[in-house]
Amino acid sequence: MSRAKDPKPADIDKFMKLEDDKRNRIINAAMKEFRYGFKKASTDVIVKEAGISKGLLFHYFVTKEQLYIFLMSHASDLVQKNYFDMMNMGNQDILDAFWQIGLLMKDISEQYPYLHDFLKGLEIHISDFPNVEEVMLMEKEQEKVYEELFYNCNIGLFRDDIDPRKACDIIAWTLDSYINDGEKRAIDAGGWNDENYESFLEGLKDYVSIFRTTFYK
């Protein structure tokens with residue numbers, strides 16, 4: 001019996017040259033559908049949401065797996081570019097870092113509303129994808145970035161009578177959860193607007209102020 005040929009590689013370069021609106025419609029539709037895992041996702045739903053033909057989608061991504069792997073890489077690049085590259089990484093104020101993330105939330109979420117849901121879905125449904133190694137490799141790259149942000153923070157800012165690493169963990173867990181919840185509420189409301197974004201920033205400012213008063217010198 002002859003062995004089935006491997007599919008040709010995805011044509012990422014050609015896909016990225018699509019006009020911005022069409023490319024982002026496809027990416028957002030795919031992130032929205034894949035946020036609950038690889039197996040449950042349907043390419044029929046993706047093309048309907050994006051307003052394109054199935055033939056066009058598979059012209060660039062020959063398989064569902066190729067599309068998923070592209071999204072993993074693209075989502076990781078977006079987080080790196082839009083959040084961490086804009087910060088002074090290493091020996092920084094972790095509270096200032098989270099405040100900067102909050103200030104950037106509206107812009108990135110308006111362009112890619114399901115980015116963070118997709119990334120969270122990767123963690124939750126890691127065993128759902130046939131090529132688990134691809135997911136684990138991407139998550140390791142993400143962990144390196146987060147470690148640089150959260151574990152290379154300026155521990156000299158913290159009070160001498162507390163464990164600065166544990167304080168960093170508490171800050172990271174709390175503010176990461178607050179940011180994710182804020183984004184979900186914005187999605188449920190049909191997107192960010194001036195009112196819900198202002199409320200989100202006010203809440204974030206309160207948390208930052210509490211942590212600064214409690215943990216810092």
# chains A, B, ... in the order shown; residues from 1 in each chain; ligands from 1

$ residues_around --residues "region 11-24 of chain A" --least-positions-apart "3" --cutoff "8 Å" --atoms "only C-alpha atoms" --output "list in words"
Ile27, Asn28, Ala50, His59, Tyr60, Phe61, Phe70, Gln111 and Tyr112 of chain A

$ closest_residue --among "A:Gly156, A:Ile124, A:Pro113, A:Lys217" --to "Asp188 (chain A)" --atoms "only C-alpha atoms"
A:Pro113

$ residues_around --residues "Ser177 (chain A)" --least-positions-apart "6" --cutoff "12 Å" --atoms "only C-alpha atoms" --output "JSON, numbers by chain"
{"A": [98, 116, 120, 170, 171, 183, 184, 204, 207]}

$ closest_residue --among "A:Ile108, A:Ile26, A:Val208, A:Leu78" --to "Gly191 (chain A)" --atoms "only C-alpha atoms"
A:Ile108

$ atom_distance --atom1 "CA of Leu119 (chain A)" --atom2 "CA of Ile179 (chain A)"
13.5 Å

$ residues_around --residues "Glu202 (chain A)" --least-positions-apart "5" --cutoff "12 Å" --atoms "only C-alpha atoms" --output "list in words"
Trp99, Gly102, Leu103, Tyr178, Gly182, Glu195, Asn196, Tyr197, Tyr207, Val208 and Ser209 of chain A

$ write_last_selection --atoms "C-alpha atoms" --output "short mmCIF file (atom, residue, chain, number, x, y, z; two decimals), in the first residue's frame"
data_model
loop_
_atom_site.label_atom_id
_atom_site.label_comp_id
_atom_site.auth_asym_id
_atom_site.auth_seq_id
_atom_site.Cartn_x
_atom_site.Cartn_y
_atom_site.Cartn_z
CA TRP A 99 -0.74 49.32 33.73
CA GLY A 102 -4.14 47.83 30.37
CA LEU A 103 -3.54 50.96 28.29
CA TYR A 178 -8.74 40.99 35.98
CA GLY A 182 -12.38 42.69 31.42
CA GLU A 195 -17.65 53.68 28.95
CA ASN A 196 -16.59 50.08 29.57
CA TYR A 197 -12.94 50.84 28.82
CA TYR A 207 -5.79 47.18 42.03
CA VAL A 208 -2.42 48.72 41.14
CA SER A 209 -2.83 51.31 43.91
#

$ closest_residue --among "A:Ala75, A:Met31, A:Leu175, A:Ile52" --to "Ala97 (chain A)" --atoms "only C-alpha atoms"
A:Leu175

$ closest_residue --among "A:Arg212, A:Arg35, A:Lys81, A:Lys8" --to "Leu122 (chain A)" --atoms "only C-alpha atoms"
A:Arg35
